[in-house]
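Student: model.cif is reproduced below (mmCIF, C-alpha atoms and all ligand atoms).
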```cif
data_entry
loop_
_atom_site.group_PDB
_atom_site.id
_atom_site.type_symbol
_atom_site.label_atom_id
_atom_site.label_comp_id
_atom_site.auth_asym_id
_atom_site.auth_seq_id
_atom_site.Cartn_x
_atom_site.Cartn_y
_atom_site.Cartn_z
ATOM 1 C CA MET A 1 79.259 22.255 -61.366
ATOM 2 C CA LYS A 2 77.163 24.807 -59.615
ATOM 3 C CA LYS A 3 74.633 26.637 -61.668
ATOM 4 C CA TYR A 4 74.520 30.389 -61.415
ATOM 5 C CA LYS A 5 71.842 32.827 -62.321
ATOM 6 C CA TRP A 6 73.463 35.375 -64.538
ATOM 7 C CA SER A 7 72.653 38.974 -65.004
ATOM 8 C CA VAL A 8 74.653 38.859 -68.189
ATOM 9 C CA ALA A 9 74.894 36.432 -71.036
ATOM 10 C CA GLY A 10 77.555 35.799 -73.646
ATOM 11 C CA LEU A 11 78.109 38.688 -75.940
ATOM 12 C CA THR A 12 76.715 41.301 -73.639
ATOM 13 C CA ALA A 13 79.938 40.981 -71.674
ATOM 14 C CA VAL A 14 81.346 44.257 -72.901
ATOM 15 C CA LEU A 15 78.138 46.171 -72.311
ATOM 16 C CA SER A 16 77.229 47.903 -69.120
ATOM 17 C CA VAL A 17 75.002 45.489 -67.377
ATOM 18 C CA GLY A 18 72.830 46.296 -64.436
ATOM 19 C CA LEU A 19 71.878 44.393 -61.398
ATOM 20 C CA LEU A 20 69.257 41.847 -62.073
ATOM 21 C CA ALA A 21 66.013 42.825 -60.459
ATOM 22 C CA GLY A 22 64.509 39.869 -58.668
ATOM 23 C CA CYS A 23 67.811 38.055 -58.671
ATOM 24 C CA GLY A 24 66.716 35.835 -55.805
ATOM 25 C CA ALA A 25 63.813 34.548 -57.857
ATOM 26 C CA GLU A 26 63.898 31.285 -59.759
ATOM 27 C CA GLY A 27 64.890 31.085 -63.378
ATOM 28 C CA ASP A 28 68.173 31.081 -65.192
ATOM 29 C CA ALA A 29 67.171 33.138 -68.190
ATOM 30 C CA PRO A 30 68.733 36.562 -68.390
ATOM 31 C CA PRO A 31 66.295 39.392 -67.853
ATOM 32 C CA GLU A 32 64.790 40.907 -70.970
ATOM 33 C CA VAL A 33 65.592 44.391 -69.874
ATOM 34 C CA GLU A 34 68.839 45.186 -68.165
ATOM 35 C CA ALA A 35 69.424 48.445 -66.397
ATOM 36 C CA PRO A 36 72.726 50.240 -66.954
ATOM 37 C CA ALA A 37 75.212 49.176 -64.322
ATOM 38 C CA ASP A 38 75.573 52.566 -62.769
ATOM 39 C CA GLU A 39 71.895 53.097 -62.307
ATOM 40 C CA PRO A 40 70.597 50.023 -60.556
ATOM 41 C CA THR A 41 66.859 49.968 -60.720
ATOM 42 C CA GLU A 42 65.121 51.195 -57.613
ATOM 43 C CA GLU A 43 62.290 48.676 -57.639
ATOM 44 C CA VAL A 44 64.452 45.735 -56.677
ATOM 45 C CA ASP A 45 62.610 43.047 -54.750
ATOM 46 C CA GLU A 46 63.531 43.513 -51.078
ATOM 47 C CA ASN A 47 64.231 39.816 -50.592
ATOM 48 C CA ALA A 48 66.433 39.706 -53.621
ATOM 49 C CA THR A 49 68.832 42.482 -52.772
ATOM 50 C CA THR A 50 71.250 40.333 -50.829
ATOM 51 C CA GLY A 51 71.613 36.675 -50.094
ATOM 52 C CA ASP A 52 68.715 35.034 -48.302
ATOM 53 C CA GLY A 53 70.833 33.417 -45.631
ATOM 54 C CA ASP A 54 71.745 30.400 -47.741
ATOM 55 C CA THR A 55 72.922 32.372 -50.727
ATOM 56 C CA LEU A 56 75.577 35.037 -50.903
ATOM 57 C CA ILE A 57 75.571 37.588 -53.673
ATOM 58 C CA MET A 58 78.959 38.467 -55.062
ATOM 59 C CA ALA A 59 79.354 41.507 -57.270
ATOM 60 C CA THR A 60 82.165 41.557 -59.806
ATOM 61 C CA SER A 61 83.140 43.340 -62.986
ATOM 62 C CA ALA A 62 83.524 40.483 -65.432
ATOM 63 C CA ASP A 63 85.785 42.302 -67.864
ATOM 64 C CA TYR A 64 89.028 41.266 -66.277
ATOM 65 C CA PRO A 65 90.461 37.966 -67.432
ATOM 66 C CA PRO A 66 91.912 35.913 -65.824
ATOM 67 C CA TYR A 67 90.302 37.289 -62.627
ATOM 68 C CA GLU A 68 86.791 37.280 -64.060
ATOM 69 C CA SER A 69 85.321 37.278 -67.519
ATOM 70 C CA VAL A 70 82.343 35.934 -69.395
ATOM 71 C CA GLU A 71 83.027 32.704 -71.228
ATOM 72 C CA LEU A 72 81.693 33.329 -74.712
ATOM 73 C CA GLU A 73 80.388 29.820 -75.414
ATOM 74 C CA THR A 74 78.455 29.438 -72.188
ATOM 75 C CA GLY A 75 77.797 32.971 -70.967
ATOM 76 C CA GLU A 76 79.167 31.888 -67.605
ATOM 77 C CA ILE A 77 81.349 34.151 -65.535
ATOM 78 C CA VAL A 78 84.611 32.321 -64.869
ATOM 79 C CA GLY A 79 88.036 33.111 -63.460
ATOM 80 C CA PHE A 80 90.425 33.117 -60.556
ATOM 81 C CA ASP A 81 88.145 35.235 -58.353
ATOM 82 C CA ILE A 82 85.166 33.025 -59.147
ATOM 83 C CA ASP A 83 87.043 29.892 -58.079
ATOM 84 C CA ILE A 84 88.074 31.603 -54.849
ATOM 85 C CA ALA A 85 84.528 32.752 -54.128
ATOM 86 C CA GLU A 86 83.058 29.399 -54.974
ATOM 87 C CA HIS A 87 85.479 27.601 -52.698
ATOM 88 C CA ILE A 88 84.976 29.919 -49.732
ATOM 89 C CA ALA A 89 81.194 30.042 -50.122
ATOM 90 C CA SER A 90 80.935 26.283 -50.247
ATOM 91 C CA GLU A 91 83.293 25.855 -47.266
ATOM 92 C CA LEU A 92 81.070 28.199 -45.288
ATOM 93 C CA GLY A 93 77.914 26.455 -46.466
ATOM 94 C CA TYR A 94 76.526 29.089 -48.821
ATOM 95 C CA GLU A 95 75.286 29.029 -52.369
ATOM 96 C CA LEU A 96 76.848 31.688 -54.553
ATOM 97 C CA GLU A 97 75.146 34.067 -56.922
ATOM 98 C CA ILE A 98 77.170 36.433 -59.103
ATOM 99 C CA GLU A 99 76.207 39.859 -60.379
ATOM 100 C CA ASP A 100 78.115 41.622 -63.144
ATOM 101 C CA VAL A 101 78.481 45.349 -62.524
ATOM 102 C CA ASP A 102 80.810 47.933 -64.081
ATOM 103 C CA PHE A 103 83.886 48.249 -61.867
ATOM 104 C CA ASN A 104 83.037 51.817 -60.927
ATOM 105 C CA GLY A 105 79.616 50.708 -59.671
ATOM 106 C CA LEU A 106 80.759 47.811 -57.480
ATOM 107 C CA ILE A 107 81.188 49.616 -54.164
ATOM 108 C CA PRO A 108 77.999 51.675 -54.625
ATOM 109 C CA ALA A 109 76.097 48.453 -55.419
ATOM 110 C CA MET A 110 77.375 46.837 -52.250
ATOM 111 C CA GLU A 111 76.684 49.929 -50.184
ATOM 112 C CA ALA A 112 73.136 49.875 -51.518
ATOM 113 C CA GLY A 113 72.760 46.368 -50.082
ATOM 114 C CA ARG A 114 72.737 44.670 -53.438
ATOM 115 C CA ALA A 115 75.731 42.435 -52.816
ATOM 116 C CA ASP A 116 77.260 40.708 -49.801
ATOM 117 C CA PHE A 117 80.809 41.107 -51.051
ATOM 118 C CA VAL A 118 82.859 42.252 -54.014
ATOM 119 C CA LEU A 119 85.526 40.068 -55.572
ATOM 120 C CA ALA A 120 86.949 41.838 -58.603
ATOM 121 C CA GLY A 121 90.721 42.048 -58.439
ATOM 122 C CA MET A 122 90.094 45.057 -56.239
ATOM 123 C CA THR A 123 93.037 46.741 -54.544
ATOM 124 C CA PRO A 124 92.601 48.005 -51.001
ATOM 125 C CA THR A 125 93.192 51.761 -50.866
ATOM 126 C CA PRO A 126 92.698 54.228 -48.000
ATOM 127 C CA GLU A 127 89.856 55.930 -49.949
ATOM 128 C CA ARG A 128 88.025 52.656 -50.484
ATOM 129 C CA GLU A 129 88.642 51.670 -46.866
ATOM 130 C CA GLU A 130 86.475 54.598 -45.843
ATOM 131 C CA ASN A 131 83.508 52.796 -47.360
ATOM 132 C CA VAL A 132 84.287 49.084 -47.236
ATOM 133 C CA ASP A 133 86.208 46.522 -45.179
ATOM 134 C CA PHE A 134 88.845 44.474 -47.002
ATOM 135 C CA SER A 135 90.097 40.938 -46.461
ATOM 136 C CA ASP A 136 93.816 40.220 -46.537
ATOM 137 C CA ILE A 137 95.478 40.485 -49.934
ATOM 138 C CA TYR A 138 95.290 37.262 -51.952
ATOM 139 C CA TYR A 139 97.298 38.211 -55.046
ATOM 140 C CA GLU A 140 99.756 40.930 -55.964
ATOM 141 C CA ALA A 141 100.133 42.827 -59.189
ATOM 142 C CA THR A 142 101.864 45.820 -60.748
ATOM 143 C CA ASN A 143 100.902 48.226 -63.489
ATOM 144 C CA LEU A 144 102.052 48.233 -67.092
ATOM 145 C CA ILE A 145 101.667 50.432 -70.117
ATOM 146 C CA VAL A 146 100.238 48.554 -73.108
ATOM 147 C CA THR A 147 100.635 50.026 -76.593
ATOM 148 C CA LYS A 148 100.449 48.907 -80.188
ATOM 149 C CA GLU A 149 103.717 47.301 -81.198
ATOM 150 C CA ASP A 150 104.174 49.587 -84.181
ATOM 151 C CA ALA A 151 103.677 52.743 -82.100
ATOM 152 C CA GLU A 152 107.237 52.592 -80.830
ATOM 153 C CA ILE A 153 106.360 53.916 -77.418
ATOM 154 C CA SER A 154 108.836 52.461 -74.954
ATOM 155 C CA SER A 155 108.958 54.832 -71.990
ATOM 156 C CA LEU A 156 106.640 57.062 -70.016
ATOM 157 C CA GLU A 157 108.294 60.101 -71.600
ATOM 158 C CA ASP A 158 107.211 58.890 -75.033
ATOM 159 C CA LEU A 159 103.607 59.383 -73.892
ATOM 160 C CA ASP A 160 104.020 63.180 -73.873
ATOM 161 C CA GLY A 161 101.137 64.646 -75.869
ATOM 162 C CA LEU A 162 99.430 61.264 -76.352
ATOM 163 C CA THR A 163 96.237 59.687 -74.984
ATOM 164 C CA VAL A 164 96.248 56.999 -72.292
ATOM 165 C CA GLY A 165 93.192 54.928 -71.417
ATOM 166 C CA VAL A 166 92.260 53.562 -67.994
ATOM 167 C CA GLN A 167 89.316 51.797 -66.405
ATOM 168 C CA LEU A 168 86.941 54.216 -64.721
ATOM 169 C CA GLY A 169 87.158 54.011 -60.940
ATOM 170 C CA SER A 170 90.293 51.873 -60.905
ATOM 171 C CA ILE A 171 93.517 52.656 -59.097
ATOM 172 C CA GLN A 172 95.036 52.954 -62.570
ATOM 173 C CA GLU A 173 92.830 55.985 -63.122
ATOM 174 C CA GLY A 174 94.489 57.757 -60.169
ATOM 175 C CA GLU A 175 97.958 56.616 -61.230
ATOM 176 C CA ALA A 176 97.432 57.849 -64.761
ATOM 177 C CA GLU A 177 96.200 61.210 -63.554
ATOM 178 C CA ASP A 178 99.317 61.676 -61.422
ATOM 179 C CA LEU A 179 101.605 60.637 -64.282
ATOM 180 C CA ALA A 180 99.697 62.813 -66.741
ATOM 181 C CA GLU A 181 100.556 65.890 -64.728
ATOM 182 C CA GLU A 182 104.240 65.016 -64.771
ATOM 183 C CA ILE A 183 104.490 63.900 -68.356
ATOM 184 C CA GLY A 184 101.706 65.672 -70.159
ATOM 185 C CA PHE A 185 99.289 63.159 -71.672
ATOM 186 C CA GLU A 186 95.503 62.978 -71.842
ATOM 187 C CA VAL A 187 93.672 60.429 -69.691
ATOM 188 C CA GLU A 188 90.605 58.723 -71.181
ATOM 189 C CA LYS A 189 88.349 56.626 -68.930
ATOM 190 C CA ARG A 190 86.197 53.712 -70.007
ATOM 191 C CA ASP A 191 83.890 51.402 -68.048
ATOM 192 C CA ARG A 192 85.291 48.114 -69.293
ATOM 193 C CA ILE A 193 88.732 46.771 -70.198
ATOM 194 C CA PRO A 194 87.675 45.311 -73.595
ATOM 195 C CA GLU A 195 86.554 48.795 -74.658
ATOM 196 C CA LEU A 196 90.050 50.066 -73.906
ATOM 197 C CA ILE A 197 91.677 47.272 -75.897
ATOM 198 C CA GLN A 198 89.377 47.877 -78.867
ATOM 199 C CA GLU A 199 90.090 51.590 -78.852
ATOM 200 C CA LEU A 200 93.828 50.985 -78.619
ATOM 201 C CA LEU A 201 93.669 48.663 -81.609
ATOM 202 C CA ALA A 202 91.515 51.169 -83.485
ATOM 203 C CA GLY A 203 94.065 53.904 -82.821
ATOM 204 C CA ARG A 204 91.778 56.054 -80.674
ATOM 205 C CA LEU A 205 94.025 55.495 -77.675
ATOM 206 C CA ASP A 206 97.823 55.462 -77.772
ATOM 207 C CA ALA A 207 98.287 53.423 -74.622
ATOM 208 C CA ILE A 208 96.497 51.765 -71.708
ATOM 209 C CA LEU A 209 97.643 51.742 -68.100
ATOM 210 C CA MET A 210 96.583 48.393 -66.685
ATOM 211 C CA GLU A 211 97.534 45.534 -64.399
ATOM 212 C CA ASP A 212 100.341 43.209 -65.540
ATOM 213 C CA THR A 213 98.392 39.985 -65.149
ATOM 214 C CA VAL A 214 95.481 41.219 -67.243
ATOM 215 C CA ALA A 215 97.792 42.833 -69.809
ATOM 216 C CA ASP A 216 99.705 39.563 -70.182
ATOM 217 C CA GLY A 217 96.509 37.733 -71.111
ATOM 218 C CA TYR A 218 95.666 40.267 -73.805
ATOM 219 C CA MET A 219 99.236 40.168 -75.113
ATOM 220 C CA GLU A 220 98.832 36.444 -75.649
ATOM 221 C CA SER A 221 95.389 36.504 -77.219
ATOM 222 C CA GLN A 222 95.910 39.601 -79.350
ATOM 223 C CA SER A 223 98.778 40.138 -81.767
ATOM 224 C CA GLY A 224 100.433 43.497 -82.339
ATOM 225 C CA LEU A 225 100.579 44.646 -78.720
ATOM 226 C CA ALA A 226 103.633 45.694 -76.744
ATOM 227 C CA GLN A 227 104.116 46.556 -73.081
ATOM 228 C CA PHE A 228 106.561 48.092 -70.661
ATOM 229 C CA GLU A 229 106.636 48.397 -66.903
ATOM 230 C CA VAL A 230 105.810 51.602 -65.146
ATOM 231 C CA PRO A 231 108.970 52.385 -63.177
ATOM 232 C CA SER A 232 108.790 52.888 -59.419
ATOM 233 C CA GLU A 233 105.336 51.447 -59.372
ATOM 234 C CA GLU A 234 104.444 50.092 -55.946
ATOM 235 C CA LEU A 235 103.086 46.598 -55.672
ATOM 236 C CA ALA A 236 99.321 46.535 -55.484
ATOM 237 C CA GLY A 237 97.246 43.573 -54.483
ATOM 238 C CA SER A 238 93.737 42.231 -54.714
ATOM 239 C CA ALA A 239 91.463 41.687 -51.737
ATOM 240 C CA ILE A 240 87.816 40.887 -51.085
ATOM 241 C CA ALA A 241 85.638 43.862 -50.147
ATOM 242 C CA PHE A 242 82.725 43.713 -47.700
ATOM 243 C CA PRO A 243 80.222 46.264 -46.469
ATOM 244 C CA LYS A 244 81.566 48.111 -43.425
ATOM 245 C CA GLY A 245 81.171 45.937 -40.343
ATOM 246 C CA SER A 246 80.164 42.822 -42.310
ATOM 247 C CA GLU A 247 80.302 39.637 -40.271
ATOM 248 C CA LEU A 248 81.439 37.775 -43.344
ATOM 249 C CA ARG A 249 84.881 39.371 -43.380
ATOM 250 C CA GLU A 250 86.303 37.238 -40.566
ATOM 251 C CA PRO A 251 85.209 33.788 -41.782
ATOM 252 C CA PHE A 252 86.135 34.696 -45.362
ATOM 253 C CA ASN A 253 89.563 35.812 -44.257
ATOM 254 C CA GLU A 254 90.086 32.577 -42.356
ATOM 255 C CA LYS A 255 89.163 30.500 -45.388
ATOM 256 C CA LEU A 256 91.277 32.697 -47.636
ATOM 257 C CA ASN A 257 94.322 32.128 -45.446
ATOM 258 C CA GLU A 258 93.578 28.413 -45.280
ATOM 259 C CA MET A 259 93.611 28.383 -49.077
ATOM 260 C CA ILE A 260 96.991 30.123 -49.067
ATOM 261 C CA ASP A 261 98.461 27.787 -46.416
ATOM 262 C CA SER A 262 97.172 24.586 -47.980
ATOM 263 C CA GLY A 263 98.570 25.382 -51.419
ATOM 264 C CA LEU A 264 95.135 25.602 -52.999
ATOM 265 C CA MET A 265 95.717 29.249 -53.815
ATOM 266 C CA ASP A 266 98.943 28.365 -55.632
ATOM 267 C CA GLU A 267 97.058 25.763 -57.625
ATOM 268 C CA LEU A 268 94.537 28.381 -58.684
ATOM 269 C CA ILE A 269 97.324 30.822 -59.523
ATOM 270 C CA ILE A 270 98.921 28.215 -61.776
ATOM 271 C CA LYS A 271 95.527 27.380 -63.302
ATOM 272 C CA TRP A 272 94.625 30.989 -64.138
ATOM 273 C CA PHE A 273 97.913 32.850 -64.418
ATOM 274 C CA ASP A 274 100.114 30.028 -65.617
ATOM 275 C CA THR A 275 102.800 31.065 -63.167
ATOM 276 C CA GLU A 276 103.693 30.661 -59.511
ATOM 277 C CA GLU A 277 104.259 33.921 -57.693
HETATM 278 N N1 LIG B 301 93.194 46.461 -59.143
HETATM 279 C C1 LIG B 301 92.599 47.609 -59.765
HETATM 280 C C2 LIG B 301 91.759 48.370 -58.783
HETATM 281 O O1 LIG B 301 91.452 47.876 -57.734
HETATM 282 C C3 LIG B 301 91.760 47.278 -60.983
HETATM 283 C C4 LIG B 301 90.747 46.215 -60.772
HETATM 284 C C5 LIG B 301 89.785 46.092 -61.947
HETATM 285 N N2 LIG B 301 88.928 44.948 -61.789
HETATM 286 C C6 LIG B 301 88.021 44.566 -62.687
HETATM 287 N N3 LIG B 301 87.322 43.473 -62.411
HETATM 288 N N4 LIG B 301 87.823 45.234 -63.796
HETATM 289 O O2 LIG B 301 91.395 49.489 -59.005
#
```
With the file now loaded, output its structure as structure tokens.
Ligand code: ARG

Tutor:
Amino acid sequence: MKKYKWSVAGLTAVLSVGLLAGCGAEGDAPPEVEAPADEPTEEVDENATTGDGDTLIMATSADYPPYESVELETGEIVGFDIDIAEHIASELGYELEIEDVDFNGLIPAMEAGRADFVLAGMTPTPEREENVDFSDIYYEATNLIVTKEDAEISSLEDLDGLTVGVQLGSIQEGEAEDLAEEIGFEVEKRDRIPELIQELLAGRLDAILMEDTVADGYMESQSGLAQFEVPSEELAGSAIAFPKGSELREPFNEKLNEMIDSGLMDELIIKWFDTEE
């Protein structure tokens, strides 16, 4: 198995973690000081800001199982997106290095030249397309409302006057803001999904608007949660994001489609989502 150099280890998974200065340098130990994700340090080693030709730097937000999360025992970032990235990178003859950045900081990090691509269950939107180029969609998802089972919230209307959490910078943030106007609830934004789950369980949030696949995982690992679909929700998908004009987009897209055609993508979907869709 390939060895990565992490900018995050084990229990720091739920914290905001910055880009690892000198990430192209040798050494697997996490840095002693980590900058907050949204304020990447300015004195990053020039040679370390993106891959060196043999290595590609992928930025992700490892708070999103089964797409990407930090395995507690090993501190490794694992998931569906990681397997995809690893496969494509190796097919194209690159080593892969992964940086963990809060979701809201992913596109800025890439625009600042600190990553070659972003793979983070990210949905292509017209706003994002102004700043990045997307691959084809590799997996589709819809949004759900997750609540505590005993809250007896079973429709959007029940959220009137309540508080709904979303991940900062996600498409769910925009969705929730639109729904909030119609229905009349408060929208609370957090950097990381586990923060939202904790606050829901603690009663500080009444509900979370999140993606079905990620919600399903939490429903299984956490008792006392309930969910319902958001009606008339359009299908949203995940795609790989590249800096505008990146030459990587084409070869990545080819390999991505090869994975879909060969059935490898279905294998990964079964491995990580336990379902074939
Ligand atoms: N698909 C949603 C979006 O693009 C949420 C993705 C969140 N990803 C993550 N790794 N936390 O906005």

Student: Grab me every residue within 10 Å of ligand LIG 301 (chain B), counting all atoms listed in the file, and send it over as an NGL selection string.

Tutor: :A and (59-69 or 81 or 100-104 or 106 or 118-125 or 128 or 140-143 or 166-175 or 191-194 or 210-211 or 214 or 236-239)

Student: Draw an axis-aligned box tight on the listed atoms of segment 113-128 of chain A, then pad every side by 3 Å and write out centre and edge lengths in Å to one decimal as JSON.

Tutor:
```
{"center_x": 83.0, "center_y": 48.0, "center_z": -53.3, "size_x": 26.5, "size_y": 21.9, "size_z": 16.6}
```

Student: Could you name the residues that touch Lys271 of chain A at 10 Å or less, counting only C-alpha atoms, but leaving out those on the same chain fewer than 6 positions away, as a list in words?

Tutor: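 In the requested form, the answer reads Pro66, Gly79, Phe80 and Met265 of chain A.
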
Student: Have a look at A:Gly113, A:Lys255, A:Gly53, A:Asp212 and name the one nearest to Leu144 of chain A; count only C-alpha atoms.

Tutor: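 Among the listed residues, the smallest separation from Leu144 of chain A belongs to A:Asp212.
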
Student: Run the PyMOL selection byres (((chain A and resi 208) around 12) and not hetatm) mentally over the shown coordinates, then write out the matched residues as number ranges by chain, using the chain letters and numbers from the document.

Tutor: A: 143-148, 153, 156, 159, 162-167, 172-173, 175-176, 185-190, 193-201, 203-207, 209-212, 214-215, 218, 225-230

Student: Just give me the gap between atom CA of Asp266 of chain A and atom CA of Phe117 of chain A in Å, one decimal is fine.

Tutor: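 Atom-to-atom, atom CA of Asp266 of chain A and atom CA of Phe117 of chain A are spaced 22.6 Å apart.
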
Student: From the list A:Thr213, A:Ser246, A:Ser223, A:Thr74, which residue is nearest Ile269 of chain A when using all atoms listed in the file?

Tutor: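 Under the stated criterion, the closest residue is A:Thr213.
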
Student: So how far away is atom CA of Ile240 of chain A from atom CA of Glu130 of chain A, in Å?

Tutor: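 Separation between atom CA of Glu130 of chain A and atom CA of Ile240 of chain A: 14.7 Å.
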
Student: Grab the atom CA of Trp272 of chain A to atom CA of Tyr139 of chain A distance for me, in Å with one decimal place.

Tutor: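 Computed distance, atom CA of Trp272 of chain A to atom CA of Tyr139 of chain A, equals 11.9 Å.
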
Student: I'd like the neighbourhood of segment 247-249 of chain A as a PyMOL selection string, where a residue qualifies if any of its atoms comes within 8 Å (using only C-alpha atoms), though same-chain residues fewer than 6 positions away should be ignored.

Tutor: chain A and resi 133-135

Student: Of the candidates A:Leu179, A:Ile107, A:Val78, A:Ile137, which shows the shortest atom-to-atom distance to Pro231 of chain A, using all atoms listed in the file?

Tutor: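 Using all atoms listed in the file, Pro231 of chain A sits closest to A:Leu179.
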
Student: So, with all atoms listed in the file as the atoms that count, which of A:Ala241, A:Ile183, A:Ile82, A:Ile88 lies closest to Ala109 of chain A?

Tutor: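 Going through A:Ala241, A:Ile183, A:Ile82, A:Ile88 one by one, the smallest distance to Ala109 of chain A is for A:Ala241.
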